[in-house]
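Printed here is start-v8.pdb (PDB, C-alpha atoms):
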```
MODEL        1
ATOM      1  CA  MET A   1     139.998 155.950 123.195
ATOM      2  CA  LEU A   2     136.650 155.430 124.818
ATOM      3  CA  ALA A   3     133.342 157.294 124.520
ATOM      4  CA  ILE A   4     130.473 157.344 126.998
ATOM      5  CA  CYS A   5     127.132 159.126 126.828
ATOM      6  CA  LEU A   6     125.784 160.814 129.947
ATOM      7  CA  SER A   7     122.920 163.095 130.834
ATOM      8  CA  LYS A   8     124.062 166.714 131.112
ATOM      9  CA  ASP A   9     122.464 167.111 134.541
ATOM     10  CA  HIS A  10     124.160 164.173 136.255
ATOM     11  CA  LEU A  11     126.606 164.967 139.020
ATOM     12  CA  THR A  12     129.049 162.648 137.216
ATOM     13  CA  SER A  13     128.980 164.796 134.057
ATOM     14  CA  LYS A  14     129.862 167.897 136.063
ATOM     15  CA  ALA A  15     132.634 166.118 137.977
ATOM     16  CA  ILE A  16     134.200 164.788 134.757
ATOM     17  CA  GLN A  17     134.298 168.231 133.208
ATOM     18  CA  GLU A  18     135.814 169.741 136.341
ATOM     19  CA  ASN A  19     138.464 167.036 136.849
ATOM     20  CA  LYS A  20     139.209 166.463 133.141
ATOM     21  CA  ALA A  21     139.403 162.790 134.046
ATOM     22  CA  PHE A  22     137.093 159.829 134.660
ATOM     23  CA  SER A  23     137.155 156.095 135.197
ATOM     24  CA  VAL A  24     135.018 153.425 133.556
ATOM     25  CA  ASN A  25     134.398 150.331 135.671
ATOM     26  CA  PHE A  26     132.780 147.266 134.100
ATOM     27  CA  PRO A  27     130.700 145.280 136.620
ATOM     28  CA  ASP A  28     130.093 141.545 136.347
ATOM     29  CA  ARG A  29     127.021 139.445 137.145
ATOM     30  CA  ALA A  30     127.861 139.304 140.858
ATOM     31  CA  LEU A  31     127.821 143.111 141.061
ATOM     32  CA  ALA A  32     124.493 143.599 139.233
ATOM     33  CA  VAL A  33     122.464 144.683 142.289
ATOM     34  CA  LYS A  34     125.121 147.100 143.542
ATOM     35  CA  ALA A  35     125.673 148.553 140.061
ATOM     36  CA  ASP A  36     121.939 149.016 139.598
ATOM     37  CA  TYR A  37     121.649 150.699 142.989
ATOM     38  CA  CYS A  38     124.281 153.211 141.789
ATOM     39  CA  GLY A  39     122.135 153.850 138.717
ATOM     40  CA  LEU A  40     119.027 154.397 140.828
ATOM     41  CA  LYS A  41     120.451 156.804 143.362
ATOM     42  CA  SER A  42     122.076 160.141 142.609
ATOM     43  CA  GLY A  43     125.182 161.274 144.452
ATOM     44  CA  LYS A  44     123.043 164.297 145.318
ATOM     45  CA  GLU A  45     120.921 162.063 147.617
ATOM     46  CA  VAL A  46     123.263 159.391 148.938
ATOM     47  CA  ASP A  47     126.981 158.916 149.442
ATOM     48  CA  LYS A  48     127.935 156.089 147.066
ATOM     49  CA  SER A  49     131.666 156.283 147.780
ATOM     50  CA  ASN A  50     131.640 153.339 150.206
ATOM     51  CA  ILE A  51     129.632 150.801 148.186
ATOM     52  CA  PHE A  52     132.750 149.421 146.521
ATOM     53  CA  ASN A  53     136.403 149.172 147.487
ATOM     54  CA  ILE A  54     138.251 151.824 145.538
ATOM     55  CA  PHE A  55     141.823 152.382 144.408
ATOM     56  CA  TYR A  56     143.666 154.927 142.311
ATOM     57  CA  GLY A  57     145.934 154.679 139.273
ATOM     58  CA  LYS A  58     149.089 156.657 138.662
ATOM     59  CA  GLU A  59     147.148 159.791 137.638
ATOM     60  CA  HIS A  60     145.353 159.684 141.003
ATOM     61  CA  GLN A  61     142.362 161.514 139.506
ATOM     62  CA  SER A  62     139.319 159.275 139.520
ATOM     63  CA  PRO A  63     138.571 156.346 141.833
ATOM     64  CA  LEU A  64     138.558 152.848 140.318
ATOM     65  CA  ILE A  65     136.537 149.882 141.604
ATOM     66  CA  GLU A  66     138.493 146.913 142.948
ATOM     67  CA  GLU A  67     135.618 144.408 142.552
ATOM     68  CA  CYS A  68     135.178 145.097 138.807
ATOM     69  CA  PRO A  69     136.898 142.606 136.466
ATOM     70  CA  LEU A  70     137.917 145.496 134.210
ATOM     71  CA  SER A  71     138.511 149.178 134.962
ATOM     72  CA  ALA A  72     139.919 151.984 132.861
ATOM     73  CA  SER A  73     141.379 155.271 134.012
ATOM     74  CA  CYS A  74     140.770 157.954 131.362
ATOM     75  CA  LYS A  75     141.902 161.471 130.569
ATOM     76  CA  LEU A  76     139.104 163.669 129.172
ATOM     77  CA  THR A  77     139.798 164.723 125.591
ATOM     78  CA  GLU A  78     136.476 166.051 124.300
ATOM     79  CA  VAL A  79     132.888 166.753 125.344
ATOM     80  CA  ILE A  80     130.238 167.005 122.640
ATOM     81  CA  GLN A  81     126.617 167.907 123.188
ATOM     82  CA  VAL A  82     124.399 165.390 121.400
ATOM     83  CA  ALA A  83     120.640 165.894 121.613
ATOM     84  CA  GLY A  84     120.642 167.104 125.222
ATOM     85  CA  ASP A  85     123.128 164.481 126.409
ATOM     86  CA  LEU A  86     126.895 164.698 126.569
ATOM     87  CA  LEU A  87     129.181 162.451 124.570
ATOM     88  CA  ILE A  88     132.308 162.270 126.685
ATOM     89  CA  ILE A  89     135.445 161.101 124.913
ATOM     90  CA  GLY A  90     138.569 160.082 126.786
ATOM     91  CA  GLU A  91     141.926 158.505 126.271
ATOM     92  CA  VAL A  92     142.552 155.338 128.301
ATOM     93  CA  VAL A  93     145.637 156.100 130.415
ATOM     94  CA  GLU A  94     145.682 152.815 132.371
ATOM     95  CA  ALA A  95     143.539 149.673 132.395
ATOM     96  CA  PHE A  96     143.258 147.265 135.331
ATOM     97  CA  SER A  97     142.257 143.614 135.518
ATOM     98  CA  ASP A  98     143.241 140.625 137.637
ATOM     99  CA  GLU A  99     145.402 137.906 136.042
ATOM    100  CA  GLY A 100     142.492 135.491 136.413
ATOM    101  CA  TYR A 101     140.469 137.437 133.826
ATOM    102  CA  LEU A 102     143.207 137.362 131.218
ATOM    103  CA  ASN A 103     144.144 134.822 128.593
ATOM    104  CA  GLN A 104     147.790 135.109 127.535
ATOM    105  CA  GLY A 105     147.816 138.717 128.729
ATOM    106  CA  GLU A 106     144.686 139.703 126.784
ATOM    107  CA  PRO A 107     141.246 140.392 128.317
ATOM    108  CA  ASP A 108     139.063 137.251 128.252
ATOM    109  CA  VAL A 109     135.519 138.620 128.027
ATOM    110  CA  LYS A 110     133.962 135.249 128.848
ATOM    111  CA  LYS A 111     135.913 134.909 132.100
ATOM    112  CA  MET A 112     134.995 138.497 133.014
ATOM    113  CA  ASP A 113     131.253 137.749 132.759
ATOM    114  CA  LEU A 114     130.474 141.473 132.369
ATOM    115  CA  LEU A 115     126.949 142.863 132.402
ATOM    116  CA  ILE A 116     125.453 143.827 129.057
ATOM    117  CA  PHE A 117     122.780 146.516 129.249
ATOM    118  CA  THR A 118     120.074 146.870 126.603
ATOM    119  CA  MET A 119     117.661 149.726 125.988
ATOM    120  CA  PRO A 120     114.790 150.616 125.779
ATOM    121  CA  ASP A 121     113.879 147.422 127.685
ATOM    122  CA  ASN A 122     116.433 148.301 130.425
ATOM    123  CA  LYS A 123     117.662 144.750 130.957
ATOM    124  CA  TYR A 124     120.946 143.274 132.120
ATOM    125  CA  TRP A 125     122.273 140.216 130.285
ATOM    126  CA  SER A 126     125.372 138.052 130.286
ATOM    127  CA  LEU A 127     127.513 137.285 127.264
ATOM    128  CA  GLY A 128     126.288 134.126 125.510
ATOM    129  CA  ASP A 129     127.726 131.511 123.149
ATOM    130  CA  TYR A 130     130.876 131.994 121.146
ATOM    131  CA  ILE A 131     129.797 132.205 117.512
ATOM    132  CA  GLY A 132     133.038 132.601 115.598
ATOM    133  CA  GLN A 133     136.267 134.421 114.951
ATOM    134  CA  ALA A 134     135.902 137.775 113.224
ATOM    135  CA  PHE A 135     137.978 138.392 110.089
ATOM    136  CA  GLU A 136     138.178 134.584 109.750
ATOM    137  CA  ILE A 137     134.787 132.914 109.344
ATOM    138  CA  GLY A 138     134.003 135.090 106.311
ATOM    139  CA  LYS A 139     136.970 133.578 104.456
ATOM    140  CA  SER A 140     134.873 130.454 103.820
ATOM    141  CA  MET A 141     132.799 132.573 101.460
ATOM    142  CA  SER A 142     134.297 133.154  98.057
ATOM    143  CA  SER A 143     133.521 136.091  95.778
ATOM    144  CA  ASP A 144     131.471 133.648  93.630
ATOM    145  CA  GLU A 145     128.933 133.189  96.405
ATOM    146  CA  GLU A 146     128.059 136.870  96.647
TER     147      GLU A 146
ATOM    148  CA  MET B   1     120.978 159.355 118.118
ATOM    149  CA  LEU B   2     123.570 156.789 117.238
ATOM    150  CA  ALA B   3     127.367 156.937 117.044
ATOM    151  CA  ILE B   4     129.693 154.636 115.123
ATOM    152  CA  CYS B   5     133.456 154.651 114.863
ATOM    153  CA  LEU B   6     135.083 154.020 111.478
ATOM    154  CA  SER B   7     138.547 154.180 110.003
ATOM    155  CA  LYS B   8     139.091 157.398 108.041
ATOM    156  CA  ASP B   9     140.323 155.518 104.992
ATOM    157  CA  HIS B  10     137.339 153.203 104.556
ATOM    158  CA  LEU B  11     135.212 153.685 101.485
ATOM    159  CA  THR B  12     132.194 153.719 103.832
ATOM    160  CA  SER B  13     133.534 156.763 105.721
ATOM    161  CA  LYS B  14     133.898 158.698 102.491
ATOM    162  CA  ALA B  15     130.436 157.675 101.262
ATOM    163  CA  ILE B  16     128.791 158.724 104.552
ATOM    164  CA  GLN B  17     130.394 162.157 104.415
ATOM    165  CA  GLU B  18     129.364 162.631 100.792
ATOM    166  CA  ASN B  19     125.773 161.458 101.241
ATOM    167  CA  LYS B  20     125.244 162.950 104.718
ATOM    168  CA  ALA B  21     123.371 159.754 105.494
ATOM    169  CA  PHE B  22     124.052 156.145 106.483
ATOM    170  CA  SER B  23     122.308 152.995 107.634
ATOM    171  CA  VAL B  24     123.216 150.677 110.489
ATOM    172  CA  ASN B  25     122.179 147.061 110.015
ATOM    173  CA  PHE B  26     122.433 144.622 112.921
ATOM    174  CA  PRO B  27     123.145 141.063 111.751
ATOM    175  CA  ASP B  28     122.094 137.970 113.704
ATOM    176  CA  ARG B  29     123.825 134.629 114.232
ATOM    177  CA  ALA B  30     122.619 133.255 110.896
ATOM    178  CA  LEU B  31     124.301 136.149 109.042
ATOM    179  CA  ALA B  32     127.681 135.866 110.825
ATOM    180  CA  VAL B  33     129.643 134.488 107.855
ATOM    181  CA  LYS B  34     128.200 137.013 105.379
ATOM    182  CA  ALA B  35     128.720 139.919 107.798
ATOM    183  CA  ASP B  36     132.304 138.841 108.416
ATOM    184  CA  TYR B  37     132.935 138.568 104.690
ATOM    185  CA  CYS B  38     131.819 142.208 104.372
ATOM    186  CA  GLY B  39     134.337 143.119 107.073
ATOM    187  CA  LEU B  40     137.135 141.251 105.281
ATOM    188  CA  LYS B  41     136.641 142.681 101.830
ATOM    189  CA  SER B  42     136.738 146.328 100.874
ATOM    190  CA  GLY B  43     134.284 147.783  98.397
ATOM    191  CA  LYS B  44     137.415 148.831  96.517
ATOM    192  CA  GLU B  45     138.087 145.140  95.683
ATOM    193  CA  VAL B  46     134.683 143.489  95.407
ATOM    194  CA  ASP B  47     131.102 144.535  94.762
ATOM    195  CA  LYS B  48     129.259 143.763  98.008
ATOM    196  CA  SER B  49     125.945 145.231  96.891
ATOM    197  CA  ASN B  50     124.414 141.854  95.985
ATOM    198  CA  ILE B  51     125.309 139.857  99.129
ATOM    199  CA  PHE B  52     122.094 140.875 100.894
ATOM    200  CA  ASN B  53     118.627 141.866  99.724
ATOM    201  CA  ILE B  54     118.364 145.607 100.113
ATOM    202  CA  PHE B  55     115.534 148.098 100.513
ATOM    203  CA  TYR B  56     115.220 151.833 101.079
ATOM    204  CA  GLY B  57     113.432 153.963 103.646
ATOM    205  CA  LYS B  58     111.534 157.167 102.993
ATOM    206  CA  GLU B  59     114.754 159.225 102.759
ATOM    207  CA  HIS B  60     115.946 156.878  99.993
ATOM    208  CA  GLN B  61     119.576 157.648 100.848
ATOM    209  CA  SER B  62     121.311 154.556 102.145
ATOM    210  CA  PRO B  63     120.453 150.923 101.432
ATOM    211  CA  LEU B  64     119.085 148.825 104.313
ATOM    212  CA  ILE B  65     119.442 145.045 104.664
ATOM    213  CA  GLU B  66     116.256 142.983 104.556
ATOM    214  CA  GLU B  67     117.761 139.943 106.323
ATOM    215  CA  CYS B  68     118.848 141.911 109.406
ATOM    216  CA  PRO B  69     116.458 141.731 112.395
ATOM    217  CA  LEU B  70     117.069 145.443 113.041
ATOM    218  CA  SER B  71     118.085 148.266 110.695
ATOM    219  CA  ALA B  72     118.283 151.995 111.209
ATOM    220  CA  SER B  73     118.300 154.732 108.585
ATOM    221  CA  CYS B  74     120.300 157.722 109.844
ATOM    222  CA  LYS B  75     120.924 161.337 108.901
ATOM    223  CA  LEU B  76     124.513 162.450 109.498
ATOM    224  CA  THR B  77     124.754 165.141 112.157
ATOM    225  CA  GLU B  78     128.429 165.289 113.096
ATOM    226  CA  VAL B  79     131.840 163.817 112.244
ATOM    227  CA  ILE B  80     134.607 164.041 114.829
ATOM    228  CA  GLN B  81     138.174 162.919 114.330
ATOM    229  CA  VAL B  82     139.241 160.756 117.275
ATOM    230  CA  ALA B  83     142.788 159.408 117.262
ATOM    231  CA  GLY B  84     142.932 158.777 113.518
ATOM    232  CA  ASP B  85     139.446 157.299 113.346
ATOM    233  CA  LEU B  86     136.157 159.036 112.687
ATOM    234  CA  LEU B  87     133.337 159.141 115.206
ATOM    235  CA  ILE B  88     130.244 159.448 113.058
ATOM    236  CA  ILE B  89     127.116 160.666 114.818
ATOM    237  CA  GLY B  90     123.692 160.432 113.268
ATOM    238  CA  GLU B  91     120.043 160.877 114.043
ATOM    239  CA  VAL B  92     117.884 157.780 113.539
ATOM    240  CA  VAL B  93     115.252 158.812 110.982
ATOM    241  CA  GLU B  94     113.555 155.406 110.655
ATOM    242  CA  ALA B  95     114.087 151.984 112.229
ATOM    243  CA  PHE B  96     112.967 148.686 110.695
ATOM    244  CA  SER B  97     112.234 145.299 112.216
ATOM    245  CA  ASP B  98     109.822 142.452 111.531
ATOM    246  CA  GLU B  99     106.871 141.955 113.915
ATOM    247  CA  GLY B 100     108.357 138.617 114.955
ATOM    248  CA  TYR B 101     111.295 140.402 116.634
ATOM    249  CA  LEU B 102     109.095 142.670 118.700
ATOM    250  CA  ASN B 103     107.430 142.233 122.052
ATOM    251  CA  GLN B 104     104.396 144.503 122.472
ATOM    252  CA  GLY B 105     105.830 146.847 119.835
ATOM    253  CA  GLU B 106     109.275 147.096 121.477
ATOM    254  CA  PRO B 107     112.480 145.456 120.190
ATOM    255  CA  ASP B 108     113.053 142.063 121.848
ATOM    256  CA  VAL B 109     116.844 141.684 121.835
ATOM    257  CA  LYS B 110     116.657 137.992 122.732
ATOM    258  CA  LYS B 111     114.433 137.179 119.758
ATOM    259  CA  MET B 112     116.727 139.194 117.480
ATOM    260  CA  ASP B 113     119.771 137.070 118.444
ATOM    261  CA  LEU B 114     122.139 139.820 117.241
ATOM    262  CA  LEU B 115     125.890 139.354 116.980
ATOM    263  CA  ILE B 116     127.999 140.918 119.723
ATOM    264  CA  PHE B 117     131.534 141.772 118.657
ATOM    265  CA  THR B 118     134.404 142.035 121.158
ATOM    266  CA  MET B 119     137.867 143.482 120.713
ATOM    267  CA  PRO B 120     140.831 143.008 120.821
ATOM    268  CA  ASP B 121     140.050 139.258 120.611
ATOM    269  CA  ASN B 122     137.876 139.879 117.523
ATOM    270  CA  LYS B 123     135.164 137.401 118.446
ATOM    271  CA  TYR B 124     131.459 137.168 117.707
ATOM    272  CA  TRP B 125     129.114 136.140 120.536
ATOM    273  CA  SER B 126     125.410 135.813 121.140
ATOM    274  CA  LEU B 127     123.479 137.470 123.942
ATOM    275  CA  GLY B 128     123.381 135.213 127.018
ATOM    276  CA  ASP B 129     121.200 134.814 130.107
ATOM    277  CA  TYR B 130     118.818 137.457 131.365
ATOM    278  CA  ILE B 131     120.257 138.718 134.643
ATOM    279  CA  GLY B 132     117.759 141.293 135.826
ATOM    280  CA  GLN B 133     115.750 144.424 135.275
ATOM    281  CA  ALA B 134     117.731 147.661 135.381
ATOM    282  CA  PHE B 135     116.485 150.403 137.701
ATOM    283  CA  GLU B 136     114.677 147.659 139.651
ATOM    284  CA  ILE B 137     117.016 145.045 141.103
ATOM    285  CA  GLY B 138     118.997 147.727 142.955
ATOM    286  CA  LYS B 139     115.883 148.647 144.946
ATOM    287  CA  SER B 140     116.467 145.560 147.093
ATOM    288  CA  MET B 141     119.515 147.316 148.505
ATOM    289  CA  SER B 142     118.828 149.901 151.150
ATOM    290  CA  SER B 143     121.079 152.863 151.991
ATOM    291  CA  ASP B 144     122.080 150.954 155.192
ATOM    292  CA  GLU B 145     123.829 148.264 153.152
ATOM    293  CA  GLU B 146     126.193 150.673 151.446
TER     294      GLU B 146
ENDMDL
END
```
Using structure tokens, write down the structure from this file.
Amino acid sequence: MLAICLSKDHLTSKAIQENKAFSVNFPDRALAVKADYCGLKSGKEVDKSNIFNIFYGKEHQSPLIEECPLSASCKLTEVIQVAGDLLIIGEVVEAFSDEGYLNQGEPDVKKMDLLIFTMPDNKYWSLGDYIGQAFEIGKSMSSDEE
Amino acid sequence: MLAICLSKDHLTSKAIQENKAFSVNFPDRALAVKADYCGLKSGKEVDKSNIFNIFYGKEHQSPLIEECPLSASCKLTEVIQVAGDLLIIGEVVEAFSDEGYLNQGEPDVKKMDLLIFTMPDNKYWSLGDYIGQAFEIGKSMSSDEE
């Protein structure tokens, strides 16, 4: 499952509700300018369909972006209005990534070098240092140390 | 607004639904081991209430963690069952951070050095390099370059 939050008035929000499907494409550092351009311009003003190379999954519902290290094709399951925005929940039907971004068949987030977006400063960042293994590093702490 | 996803069976999920309130505390690198310990141990087994120094906001509903660079006190607005888990949506009533983590009154995510958690590899990371300003860097691309 995957949840995204979108403004009600975006063309994308309307298209998702009509098609009952959507894709989520995770851009990397090299795609930052193009991804930001897509955020700046509405599909109402410009045709953004030729900025990236697109392909389709088996559902053939929503276009996926070839250049993105990770893409997910989703089936819409629920739309919830949250404070004027829409929380769009979907089930991941298929996920796509090149072999080069995987580590023993699992996504390697460091190799993918995906953009991280923070608000309200509206900045793009990369993923930083590896800090530790979750559900492991806490074992060094015993109940006595609480 | 803020949404978190929790397992239905966690003690936390039950407490949030009873109290109609919850807090979200964002740990930094220095708190990684303690935060992970809290993820490893259930409140059913050990008392985790004395691991951190706690304080309360004006609602006095859910404890907040003093050591965390950023904490938010939330009022529960909606609980949605999503594939066996609960999507818990809340309204941020108050947010807390020390002056040292702010930049002209706004959260400075780089100063906060918060943990980033990835799945399914279950790893903790720091925030990396600044890549660019959102809603700005895309302006360098004209419609001709599409």
Task: Å distance separating CA of Glu18 (chain A) from CA of Ala134 (chain B), one decimal place - done: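 CA of Ala134 (chain B) lies 28.6 Å from CA of Glu18 (chain A).
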Task: chain B contacts on chain A, only C-alpha atoms, 6 Å, as JSON, numbers by chain - done: {"A": [33, 36, 37, 40, 51, 122, 123, 124, 125, 126, 127, 128, 129, 130, 131, 132, 133, 134, 135, 137, 138, 146]}
TODO: Would you work out the distance separating CA of Ala95 (chain B) from CA of Ser71 (chain B), expressed in Å to one decimal?
DONE: 5.7 Å
TODO: Expand the PyMOL selection byres ((chain A and resi 7-17) around 7) into the individual residues it matches in the shown file, reporting them as number ranges by chain.
DONE: A: 6, 18-22, 43, 84-86
- [ ] Using CA of Ile65 (chain A) and CA of Glu45 (chain A) as the two end points, give the distance in Å to one decimal.
- [x] 20.7 Å
Open item on the list: Evaluate the PyMOL selection byres ((chain B and resi 62) around 8) against this structure - the residues, as a list in words, please.
Closed with: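 On this input, the PyMOL selection byres ((chain B and resi 62) around 8) captures Ala21, Phe22, Ser23, Tyr56, His60, Gln61, Pro63, Leu64 and Ser73 of chain B.
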Open item on the list: Restricting the calculation to only C-alpha atoms: of A:Leu114, A:Leu102, A:Ile4, A:Leu31, which residue gets closest to Gln81 (chain A)?
Closed with: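 Of the candidates, the smallest distance to Gln81 (chain A) is held by A:Ile4.
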- [ ] Mind checking which residues fall within 10 Å of Asp98 (chain B), counting all atoms listed in the file, ignoring those fewer than 4 positions away in the same chain, and posting them as a list in words?
- [x] Glu66, Glu67, Cys68, Pro69, Leu70, Leu102, Pro107 and Met112 of chain B
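Of the listed residues (A:Lys44, A:Cys74, A:Asn53, A:Asn25), A:Asn25 comes nearest to Ser97 (chain A); the distances count only C-alpha atoms.
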Task: Residue among A:Ile88, A:Gly100, A:Ala72, A:Ile54 lying closest to Phe26 (chain A), counting only C-alpha atoms - done: A:Ala72
